[in-house]
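Structure first, commentary second.
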Amino acid sequence: MRPTPRQYAQALRELGETHEPKEVIKNFLAFLFRRGEGHKAEAVLRELEEQEAARSGVLSVEVTTAREVSPAIRKAIEAKAALLFPEAKKIVSSFRIDPEVIGGFRIRTSEALYDETLSRDLKAFAASLNS
């Protein structure tokens with residue numbers, strides 16, 4: 001079984017604490033490409049960034065809405081994220097638009113999903129009619 005980007009990132013961070021980081025990265029990239037896993041390099045880097053942010057108490061969330069929202073609505077959604085993730089010292093939000101959401105919002109982190117969208121409600125309703 002091949003290691004996941006998360007496992008590689010953990011190993012890299014641990015090695016970087018006891019060895020010269022520049023050498024660790026150089027050897028790690030050579031290792032990845034020898035194993036035919038060079039395509040994982042970007043995911044490992046992203047995972048390293050997320051782990052470092054988590055260690056410092058910063059949580060990145062992606063908020064999806066059906067349309068552009070006002071600054072007041074953004075603040076309300078960010079306040080909801082703060083309630084959902086009280087362990088975060090700081091929340092960094094990025095907003096994106098997906099018309100298929102129809103209404104409401106979705107908050108996604110690297111490890112969690114909070115879905116308060118109308119499309120989810122409609123899918124659940126349709127599923128209840130079919131059962």
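For the structure tokens, the naming scheme is as follows: chains receive sequential letters (A, B, ...) according to their order of presentation, residues are indexed from 1 within each chain, and ligands are indexed from 1 in presentation order.
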
When you look at Ala11 (chain A) with a cut-off of 12 Å (counting only C-alpha atoms), what residues show up, excluding the ones that are within fewer than 6 positions of it in the same chain? I need them as an mmCIF file with N, CA and C atoms, in the first residue's frame.
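This went into result_4.cif:
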data_model
loop_
_atom_site.group_PDB
_atom_site.id
_atom_site.type_symbol
_atom_site.label_atom_id
_atom_site.label_comp_id
_atom_site.auth_asym_id
_atom_site.auth_seq_id
_atom_site.Cartn_x
_atom_site.Cartn_y
_atom_site.Cartn_z
ATOM 1 N N PRO A 3 1.840 5.204 0.687
ATOM 2 C CA PRO A 3 1.475 6.238 1.671
ATOM 3 C C PRO A 3 0.623 7.342 1.049
ATOM 4 N N THR A 4 -0.209 7.942 1.868
ATOM 5 C CA THR A 4 -1.044 9.063 1.430
ATOM 6 C C THR A 4 -0.228 10.349 1.518
ATOM 7 N N PRO A 5 -0.689 11.414 0.852
ATOM 8 C CA PRO A 5 -0.009 12.708 0.997
ATOM 9 C C PRO A 5 0.101 13.142 2.462
ATOM 10 N N GLU A 17 12.694 18.282 11.216
ATOM 11 C CA GLU A 17 13.027 18.740 12.572
ATOM 12 C C GLU A 17 14.402 18.263 13.019
ATOM 13 N N THR A 18 14.875 17.162 12.434
ATOM 14 C CA THR A 18 16.155 16.590 12.874
ATOM 15 C C THR A 18 17.247 16.626 11.805
ATOM 16 N N HIS A 19 16.877 16.963 10.573
ATOM 17 C CA HIS A 19 17.838 16.994 9.469
ATOM 18 C C HIS A 19 17.738 18.336 8.744
ATOM 19 N N VAL A 24 16.368 17.268 2.995
ATOM 20 C CA VAL A 24 15.200 16.396 3.161
ATOM 21 C C VAL A 24 14.266 16.555 1.969
ATOM 22 N N ILE A 25 13.997 17.784 1.585
ATOM 23 C CA ILE A 25 13.073 18.037 0.464
ATOM 24 C C ILE A 25 13.649 17.504 -0.839
ATOM 25 N N PHE A 28 13.457 13.794 -0.736
ATOM 26 C CA PHE A 28 12.065 13.359 -0.783
ATOM 27 C C PHE A 28 11.512 13.431 -2.204
ATOM 28 N N VAL A 44 1.150 16.809 -1.195
ATOM 29 C CA VAL A 44 1.963 16.735 0.024
ATOM 30 C C VAL A 44 2.265 18.141 0.527
ATOM 31 N N GLU A 47 -0.769 19.567 2.097
ATOM 32 C CA GLU A 47 -0.976 18.933 3.400
ATOM 33 C C GLU A 47 -0.011 19.494 4.443
ATOM 34 N N LEU A 48 1.233 19.724 4.054
ATOM 35 C CA LEU A 48 2.199 20.336 4.968
ATOM 36 C C LEU A 48 1.728 21.714 5.416
ATOM 37 N N GLN A 51 -1.154 21.286 7.841
ATOM 38 C CA GLN A 51 -0.696 20.823 9.146
ATOM 39 C C GLN A 51 -0.038 21.959 9.922
#

- Polymer residues at most 10 Å from Ile91 (chain A), only C-alpha atoms, same-chain spacing of 4 or more positions, as a list in words: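 The residues that qualify are Gly57, Val58, Leu59, Ser60, Val61, Glu78, Ala79, Ala81, Ala82, Phe85 and Pro86 of chain A.
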
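Of note, CA of Arg96 (chain A) and CA of Ala41 (chain A) are spaced 25.2 Å apart.
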
- All helix (DSSP H, G or I) residues (DSSP, backbone) inside chain A, as a PyMOL selection string: chain A and resi 5-18+21-34+38-55+71-84+99-101+118-130

- Smallest atom-to-atom distance to Leu32 (chain A): which of A:Leu12, A:Ala88, A:Leu83, A:Ile77, using only C-alpha atoms?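 Closest to Leu32 (chain A) of all the choices is A:Leu12.
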
- Message: Neighbouring residues of Arg74 (chain A) were defined as those with any atom within 10 Å, considering only C-alpha atoms; residues of the same chain fewer than 6 positions away were excluded. Please report them as a ChimeraX atom specification.
- Response: /A:63,68,80,93,95

- Query: Out of A:Leu129, A:Leu118, A:Ala76, A:Leu45, which residue has the shortest atom-to-atom distance to Ala9 (chain A) when counting only C-alpha atoms?
  - Reply: A:Leu45
